[in-house]
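Printed here is query17.cif (mmCIF, C-alpha atoms and all ligand atoms):
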data_work
#
loop_
_atom_site.label_atom_id
_atom_site.label_comp_id
_atom_site.auth_asym_id
_atom_site.auth_seq_id
_atom_site.Cartn_x
_atom_site.Cartn_y
_atom_site.Cartn_z
CA MET A 6 0.00 0.00 0.00
CA SER A 7 1.37 3.45 -0.87
CA GLU A 8 2.13 6.12 1.71
CA VAL A 9 -0.75 8.24 0.32
CA SER A 10 -3.32 5.40 0.48
CA ARG A 11 -2.30 4.58 4.05
CA PHE A 12 -2.57 8.24 5.08
CA TRP A 13 -6.06 8.67 3.60
CA ASN A 14 -7.29 5.39 5.04
CA GLU A 15 -6.32 6.77 8.46
CA GLN A 16 -7.82 10.21 7.78
CA ALA A 17 -11.11 9.07 6.20
CA ASP A 18 -13.37 9.25 9.30
CA GLY A 19 -11.91 12.51 10.56
CA TYR A 20 -11.90 14.21 7.13
CA GLN A 21 -15.53 13.46 6.41
CA SER A 22 -16.78 14.50 9.86
CA GLN A 23 -14.69 17.69 10.34
CA LEU A 24 -16.35 19.43 7.36
CA GLY A 25 -19.70 19.89 9.16
CA ASP A 26 -21.75 23.10 8.95
CA TRP A 27 -18.76 25.13 7.80
CA ILE A 28 -19.31 23.80 4.24
CA GLU A 29 -22.18 26.22 3.69
CA ARG A 30 -19.97 29.28 4.36
CA SER A 31 -16.89 28.02 2.55
CA HIS A 32 -15.35 27.78 -0.91
CA HIS A 33 -16.86 24.26 -1.05
CA ARG A 34 -20.36 25.74 -1.37
CA VAL A 35 -19.29 28.12 -4.17
CA THR A 36 -17.76 25.20 -6.12
CA ALA A 37 -20.64 22.82 -5.44
CA ASP A 38 -23.20 25.35 -6.72
CA ILE A 39 -21.36 25.53 -10.06
CA LEU A 40 -20.67 21.80 -10.45
CA ASN A 41 -24.11 20.59 -9.33
CA ARG A 42 -25.67 22.88 -11.96
CA GLU A 43 -23.22 22.36 -14.85
CA LEU A 44 -22.92 18.57 -14.59
CA GLU A 45 -26.62 17.74 -14.43
CA GLY A 46 -27.61 14.92 -16.80
CA GLY A 47 -24.05 13.93 -17.69
CA ARG A 48 -21.99 10.83 -16.96
CA VAL A 49 -19.43 11.96 -14.38
CA LEU A 50 -16.13 10.46 -13.24
CA CYS A 51 -14.70 11.95 -10.03
CA VAL A 52 -11.04 11.28 -9.37
CA GLY A 53 -9.88 11.44 -5.74
CA GLY A 54 -13.45 11.46 -4.43
CA PRO A 55 -16.38 13.72 -5.32
CA TRP A 56 -16.50 17.43 -4.56
CA VAL A 57 -17.93 18.32 -1.16
CA ALA A 58 -21.75 18.71 -1.23
CA ALA A 59 -22.01 16.91 -4.58
CA ASP A 60 -25.58 16.31 -5.70
CA THR A 61 -25.95 12.55 -5.17
CA GLU A 62 -28.72 12.41 -7.80
CA LEU A 63 -25.98 12.84 -10.42
CA ASP A 64 -24.52 9.78 -12.20
CA LEU A 65 -21.24 9.62 -10.26
CA THR A 66 -18.40 7.10 -10.52
CA VAL A 67 -15.64 7.78 -8.00
CA VAL A 68 -12.01 6.68 -8.22
CA ASP A 69 -9.73 6.95 -5.17
CA VAL A 70 -6.51 5.34 -3.92
CA SER A 71 -8.06 4.97 -0.44
CA LEU A 72 -10.52 2.14 0.29
CA ALA A 73 -11.73 3.88 3.45
CA MET A 74 -12.63 7.06 1.54
CA LEU A 75 -14.38 4.94 -1.14
CA ARG A 76 -16.51 3.22 1.52
CA ALA A 77 -18.06 6.57 2.50
CA TYR A 78 -18.79 7.44 -1.14
CA ALA A 79 -20.36 4.03 -1.80
CA ALA A 80 -22.62 4.54 1.23
CA ALA A 81 -23.80 7.80 -0.38
CA GLY A 82 -24.83 5.93 -3.56
CA MET A 83 -21.80 6.57 -5.80
CA ARG A 84 -20.01 3.86 -7.82
CA PRO A 85 -16.60 3.28 -6.14
CA VAL A 86 -13.48 2.24 -8.07
CA LEU A 87 -10.06 1.76 -6.46
CA GLY A 88 -7.40 3.43 -8.61
CA ASP A 89 -4.86 6.16 -9.23
CA ALA A 90 -5.41 9.45 -11.09
CA ARG A 91 -2.29 8.80 -13.17
CA ARG A 92 -3.49 5.40 -14.51
CA LEU A 93 -7.25 5.29 -14.28
CA PRO A 94 -8.64 1.74 -14.18
CA VAL A 95 -11.72 2.67 -16.22
CA GLY A 96 -12.38 2.17 -19.94
CA GLY A 97 -12.90 5.21 -22.11
CA PRO A 98 -13.62 7.58 -23.69
CA SER A 99 -17.16 7.71 -22.36
CA PHE A 100 -17.52 10.38 -19.67
CA ASP A 101 -19.18 13.76 -20.22
CA HIS A 102 -17.32 15.24 -17.26
CA LEU A 103 -14.25 14.34 -15.26
CA VAL A 104 -13.81 16.14 -11.93
CA VAL A 105 -10.60 16.27 -9.87
CA PRO A 106 -11.64 17.94 -6.58
CA LEU A 107 -8.86 19.04 -4.22
CA VAL A 108 -6.61 16.15 -5.23
CA LEU A 109 -3.77 17.33 -7.48
CA HIS A 110 -1.83 18.92 -4.60
CA HIS A 111 -1.71 15.48 -2.95
CA ILE A 112 -0.14 13.69 -5.95
CA THR A 113 3.40 14.76 -5.30
CA GLY A 114 6.15 12.13 -4.99
CA ARG A 115 9.60 13.19 -3.79
CA GLY A 116 9.48 16.91 -4.57
CA GLY A 117 8.36 19.77 -6.79
CA ARG A 118 9.51 18.20 -10.04
CA ASP A 119 7.53 14.99 -9.38
CA ALA A 120 4.51 17.04 -8.29
CA ARG A 121 4.46 19.07 -11.52
CA SER A 122 5.02 16.00 -13.66
CA ASN A 123 2.17 14.18 -11.86
CA VAL A 124 -0.25 17.03 -12.61
CA ARG A 125 0.61 16.82 -16.31
CA THR A 126 0.18 13.03 -16.30
CA ALA A 127 -3.19 13.23 -14.52
CA VAL A 128 -4.67 15.81 -16.93
CA ARG A 129 -3.48 13.77 -19.95
CA GLU A 130 -5.00 10.62 -18.43
CA ALA A 131 -8.27 12.47 -17.87
CA MET A 132 -8.44 13.35 -21.58
CA ARG A 133 -8.34 9.62 -22.44
CA LEU A 134 -11.63 9.03 -20.60
CA LEU A 135 -13.57 12.06 -21.80
CA ARG A 136 -15.80 11.82 -24.84
CA PRO A 137 -15.00 14.43 -27.53
CA GLY A 138 -16.43 17.72 -26.24
CA GLY A 139 -16.37 16.40 -22.64
CA LYS A 140 -15.06 18.65 -19.85
CA LEU A 141 -12.32 18.33 -17.26
CA TRP A 142 -13.01 20.25 -14.02
CA ILE A 143 -10.25 20.85 -11.50
CA GLN A 144 -11.00 22.23 -8.03
CA GLU A 145 -7.76 23.44 -6.50
CA ILE A 146 -6.10 25.53 -3.83
CA VAL A 147 -3.61 27.87 -5.56
CA VAL A 148 -0.69 30.02 -4.39
CA PRO A 149 0.94 33.18 -5.83
CA GLY A 150 4.10 32.79 -7.97
CA PRO A 151 6.72 33.81 -5.32
CA ILE A 152 5.23 31.42 -2.75
CA TYR A 153 5.25 28.67 -5.39
CA ALA A 154 8.94 29.22 -6.10
CA ALA A 155 9.76 28.95 -2.38
CA GLU A 156 7.48 25.94 -1.98
CA LEU A 157 9.20 24.08 -4.85
CA ALA A 158 12.68 24.90 -3.56
CA LEU A 159 11.78 23.75 -0.03
CA ALA A 160 9.78 20.67 -1.06
CA PRO A 161 12.47 18.08 -0.14
CA LEU A 162 12.79 19.63 3.33
CA THR A 163 9.01 19.94 3.75
CA ARG A 164 8.70 16.29 2.75
CA ARG A 165 11.16 15.27 5.45
CA LEU A 166 9.45 17.35 8.14
CA LEU A 167 5.96 16.09 7.26
CA GLY A 168 7.43 12.57 7.11
CA LEU A 169 8.21 12.81 10.84
CA LYS A 170 4.43 12.81 11.39
CA ARG A 171 3.82 10.27 8.57
CA ILE A 172 2.11 12.94 6.47
CA PRO A 173 2.82 12.77 2.70
CA LEU A 174 4.14 15.90 0.92
CA VAL A 175 1.57 18.40 -0.39
CA VAL A 176 2.43 20.92 -3.15
CA PHE A 177 0.02 23.72 -4.06
CA HIS A 178 0.45 25.00 -7.61
CA THR A 179 -0.24 28.35 -9.24
CA ASP A 180 -3.35 28.98 -11.29
CA ARG A 181 -1.05 29.73 -14.23
CA PHE A 182 0.73 26.36 -14.02
CA LEU A 183 -2.57 24.49 -13.86
CA ARG A 184 -4.02 26.39 -16.82
CA ARG A 185 -0.85 25.78 -18.86
CA SER A 186 -0.91 22.06 -18.02
CA LEU A 187 -4.43 21.81 -19.43
CA GLU A 188 -3.52 23.77 -22.56
CA GLU A 189 -0.36 21.73 -23.17
CA ALA A 190 -2.40 18.52 -22.84
CA GLY A 191 -4.66 19.75 -25.66
CA TYR A 192 -7.72 21.02 -23.78
CA GLU A 193 -9.62 23.87 -25.42
CA ARG A 194 -11.47 26.87 -23.95
CA VAL A 195 -9.48 26.59 -20.71
CA ARG A 196 -10.63 29.01 -18.04
CA SER A 197 -10.36 29.44 -14.33
CA MET A 198 -13.06 30.67 -11.94
CA VAL A 199 -12.37 32.21 -8.54
CA THR A 200 -14.31 30.25 -5.91
CA ASP A 201 -13.28 32.10 -2.76
CA SER A 202 -16.19 32.49 -0.35
CA PRO A 203 -17.11 35.96 0.97
CA HIS A 204 -17.72 34.34 4.36
CA GLU A 205 -14.13 33.15 4.82
CA LYS A 206 -12.26 35.95 6.67
CA TRP A 207 -8.55 36.63 7.16
CA HIS A 208 -8.90 36.29 10.93
CA ASP A 209 -10.56 32.83 10.89
CA TRP A 210 -8.50 30.17 12.65
CA ILE A 211 -7.80 27.29 10.32
CA THR A 212 -5.99 23.92 10.45
CA PRO A 213 -3.77 24.15 7.34
CA VAL A 214 -2.27 20.63 7.49
CA ILE A 215 -4.54 17.59 7.25
CA GLY A 216 -3.19 15.15 9.83
CA LEU A 217 -2.10 17.91 12.26
CA PRO A 218 -5.40 19.05 13.84
CA GLU A 219 -3.53 20.66 16.77
CA LEU A 220 -1.88 23.22 14.43
CA LYS A 221 -4.24 26.22 14.16
CA ILE A 222 -3.23 29.54 12.56
CA PRO A 223 -5.06 32.64 11.25
CA ARG A 224 -6.01 32.41 7.57
CA LEU A 225 -3.92 35.56 6.96
CA LEU A 226 -0.76 33.45 7.27
CA VAL A 227 -1.90 31.03 4.55
CA PRO A 228 -1.83 33.02 1.29
CA VAL A 229 -3.94 30.68 -0.83
CA GLY A 230 -6.91 31.12 -3.14
CA TYR A 231 -9.55 28.72 -4.42
CA ARG A 232 -10.15 28.02 -8.09
CA LEU A 233 -12.30 25.90 -10.36
CA LEU A 234 -10.62 25.31 -13.72
CA VAL A 235 -12.34 23.84 -16.74
CA GLY A 236 -11.14 22.73 -20.16
CA GLU A 237 -12.81 20.83 -23.01
CA ARG A 238 -11.58 17.82 -24.91
CA PRO A 239 -11.59 18.89 -28.59
CA GLY A 240 -14.65 17.65 -30.50
CA GLU A 241 -14.49 15.29 -33.50
C1 LIG A 301 -8.29 16.30 0.25
S1 LIG A 301 -9.01 14.75 -0.15
C2 LIG A 301 -10.28 15.32 -1.23
C3 LIG A 301 -11.51 14.48 -1.09
C4 LIG A 301 -12.71 15.06 -1.86
N1 LIG A 301 -12.45 15.08 -3.27
C5 LIG A 301 -13.04 16.48 -1.39
O1 LIG A 301 -13.03 17.41 -2.20
O2 LIG A 301 -13.31 16.64 -0.20
C6 LIG A 301 -7.84 14.05 -1.30
C7 LIG A 301 -8.28 12.70 -1.86
O3 LIG A 301 -7.44 12.35 -2.96
C8 LIG A 301 -7.16 10.97 -2.90
N2 LIG A 301 -5.93 10.75 -3.67
C9 LIG A 301 -4.66 11.11 -3.33
N3 LIG A 301 -3.81 10.76 -4.30
C10 LIG A 301 -4.55 10.17 -5.28
C11 LIG A 301 -4.23 9.59 -6.54
N4 LIG A 301 -2.97 9.54 -7.00
N5 LIG A 301 -5.24 9.10 -7.30
C12 LIG A 301 -6.53 9.13 -6.83
N6 LIG A 301 -6.87 9.66 -5.64
C13 LIG A 301 -5.90 10.17 -4.88
C14 LIG A 301 -7.04 10.69 -1.40
O4 LIG A 301 -7.17 9.33 -1.11
C15 LIG A 301 -8.18 11.55 -0.86
O5 LIG A 301 -9.38 10.83 -0.87
#
Mind turning this structure into structure tokens?
Amino acid sequence: MSEVSRFWNEQADGYQSQLGDWIERSHHRVTADILNRELEGGRVLCVGGPWVAADTELDLTVVDVSLAMLRAYAAAGMRPVLGDARRLPVGGPSFDHLVVPLVLHHITGRGGRDARSNVRTAVREAMRLLRPGGKLWIQEIVVPGPIYAAELALAPLTRRLLGLKRIPLVVFHTDRFLRRSLEEAGYERVRSMVTDSPHEKWHDWITPVIGLPELKIPRLLVPVGYRLLVGERPGE
């Protein structure tokens, strides 16, 4: 079992239950309102779980590397499939939509180079399963360029420090890098929507590291933004 699967198997109960009422005032609600509306009637593949507050009336197949996370999705009526975003164990191309919600920053490897290469692999793999004209949706947490440069340079050290707590490395990308990755993979009409919530304030106390619930800091110290990117597989 990989380090990432083990980590998410351990986190599954806590992750699902800690979201609670806060969802309604968060970036999750902004994203869910768009996706629940735009994906209605389509065949949807979610990679790395569904988006939070997904409409369970939708036709949802969910791939994840964690069996424990999949169990919760199956209980909510979704079709669970154990697999990795970089080599999806599903035949294609038959999906109208492929959604990757808050997952790409977890597919990292040993450092920044692996993390960037994994994003490119995952968006290419997504294209294989989309029907012509189908859409890839990416929900992500993004950082400004200077923070990204520091994050990439420090990734080996960050990996070692997180490793002390058995937490796999996380790398947040820039909006620009994500958009470029979609364009380079051949997606058309690529755009990015800001999904920050007006209810999330700079002085809120947040737990920035999943797996370290005791670490709480003001949002001000975490210079991230929320985005929903979309690109279309070229038609025939
Ligand atoms: C932060 S959780 C997001 C869960 C859900 N999508 C959401 O928005 O709340 C990250 C999820 O990505 C999954 N994951 C991590 N690496 C993955 C990979 N390479 N392929 C598929 N899923 C992966 C984890 O098991 C975990 O369920």
Ligand LIG 301 (chain A): which residues are within 8 Å, counting only C-alpha atoms and all ligand atoms, as an MDAnalysis selection string? chainID A and resid 9:10 12:14 17 20:21 33 51:57 68:71 74:75 88:91 105:109 111:112 144
Restrict the selected residues to C-alpha atoms and save them as a PDB file, in the coordinates of the input.
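Output contents, as saved in out-v1.pdb:
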ATOM      1  CA  VAL A   9      -0.750   8.240   0.320  1.00  0.00           C
ATOM      2  CA  SER A  10      -3.320   5.400   0.480  1.00  0.00           C
ATOM      3  CA  PHE A  12      -2.570   8.240   5.080  1.00  0.00           C
ATOM      4  CA  TRP A  13      -6.060   8.670   3.600  1.00  0.00           C
ATOM      5  CA  ASN A  14      -7.290   5.390   5.040  1.00  0.00           C
ATOM      6  CA  ALA A  17     -11.110   9.070   6.200  1.00  0.00           C
ATOM      7  CA  TYR A  20     -11.900  14.210   7.130  1.00  0.00           C
ATOM      8  CA  GLN A  21     -15.530  13.460   6.410  1.00  0.00           C
ATOM      9  CA  HIS A  33     -16.860  24.260  -1.050  1.00  0.00           C
ATOM     10  CA  CYS A  51     -14.700  11.950 -10.030  1.00  0.00           C
ATOM     11  CA  VAL A  52     -11.040  11.280  -9.370  1.00  0.00           C
ATOM     12  CA  GLY A  53      -9.880  11.440  -5.740  1.00  0.00           C
ATOM     13  CA  GLY A  54     -13.450  11.460  -4.430  1.00  0.00           C
ATOM     14  CA  PRO A  55     -16.380  13.720  -5.320  1.00  0.00           C
ATOM     15  CA  TRP A  56     -16.500  17.430  -4.560  1.00  0.00           C
ATOM     16  CA  VAL A  57     -17.930  18.320  -1.160  1.00  0.00           C
ATOM     17  CA  VAL A  68     -12.010   6.680  -8.220  1.00  0.00           C
ATOM     18  CA  ASP A  69      -9.730   6.950  -5.170  1.00  0.00           C
ATOM     19  CA  VAL A  70      -6.510   5.340  -3.920  1.00  0.00           C
ATOM     20  CA  SER A  71      -8.060   4.970  -0.440  1.00  0.00           C
ATOM     21  CA  MET A  74     -12.630   7.060   1.540  1.00  0.00           C
ATOM     22  CA  LEU A  75     -14.380   4.940  -1.140  1.00  0.00           C
ATOM     23  CA  GLY A  88      -7.400   3.430  -8.610  1.00  0.00           C
ATOM     24  CA  ASP A  89      -4.860   6.160  -9.230  1.00  0.00           C
ATOM     25  CA  ALA A  90      -5.410   9.450 -11.090  1.00  0.00           C
ATOM     26  CA  ARG A  91      -2.290   8.800 -13.170  1.00  0.00           C
ATOM     27  CA  VAL A 105     -10.600  16.270  -9.870  1.00  0.00           C
ATOM     28  CA  PRO A 106     -11.640  17.940  -6.580  1.00  0.00           C
ATOM     29  CA  LEU A 107      -8.860  19.040  -4.220  1.00  0.00           C
ATOM     30  CA  VAL A 108      -6.610  16.150  -5.230  1.00  0.00           C
ATOM     31  CA  LEU A 109      -3.770  17.330  -7.480  1.00  0.00           C
ATOM     32  CA  HIS A 111      -1.710  15.480  -2.950  1.00  0.00           C
ATOM     33  CA  ILE A 112      -0.140  13.690  -5.950  1.00  0.00           C
ATOM     34  CA  GLN A 144     -11.000  22.230  -8.030  1.00  0.00           C
TER      35      GLN A 144
END
One decimal place gives the atom CA of A:Glu15-atom CA of A:Leu162 separation as 23.6 Å
Just the number, please: distance in Å from atom CA of A:Glu130 to atom CA of A:Gly230, one decimal. 25.6 Å
Atom CA of A:Glu8 and atom CA of A:Glu145 are how many Å apart?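 Atom CA of A:Glu8 sits 21.6 Å away from atom CA of A:Glu145.
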Compile the contact shell of A:Leu234 as a PyMOL selection string: residues with an atom at most 7 Å away, counting all atoms listed in the file, same-chain residues fewer than 6 positions apart removed. chain A and resi 142-144+196-198
Just want the 10 Å neighbourhood of A:Val95, counted on all atoms listed in the file, with same-chain residues fewer than 5 positions away dropped. Output as a ChimeraX atom specification. /A:50,66,68,86-88,133-134
With C-alpha atoms retained, export the selected residues as a CSV table (one decimal), keeping the file's coordinate frame.
chain,number,residue,atom,x,y,z
A,50,LEU,CA,-16.1,10.5,-13.2
A,66,THR,CA,-18.4,7.1,-10.5
A,68,VAL,CA,-12.0,6.7,-8.2
A,86,VAL,CA,-13.5,2.2,-8.1
A,87,LEU,CA,-10.1,1.8,-6.5
A,88,GLY,CA,-7.4,3.4,-8.6
A,133,ARG,CA,-8.3,9.6,-22.4
A,134,LEU,CA,-11.6,9.0,-20.6
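Proximity ranking of A:Leu72, A:Val148, A:Leu24, A:Leu157 relative to A:Thr212 places A:Leu24 first, based on all atoms listed in the file.
The shortest atom-to-atom distance to A:Gly116, with only C-alpha atoms taken into account, belongs to A:Pro161 out of A:Gly82, A:Pro151, A:Gly96, A:Pro161.
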Given all atoms listed in the file as the counted atoms, nearest of A:Ile222, A:Met132, A:Val175, A:Ala120 to A:His208: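 Looking at the shortest contact to A:His208, the residue is A:Ile222.
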Name the closest residue to A:His32 among the candidates A:Lys206, A:Gly19, A:Lys221, A:Glu188; distances are taken between atoms, counting only C-alpha atoms. A:Lys206
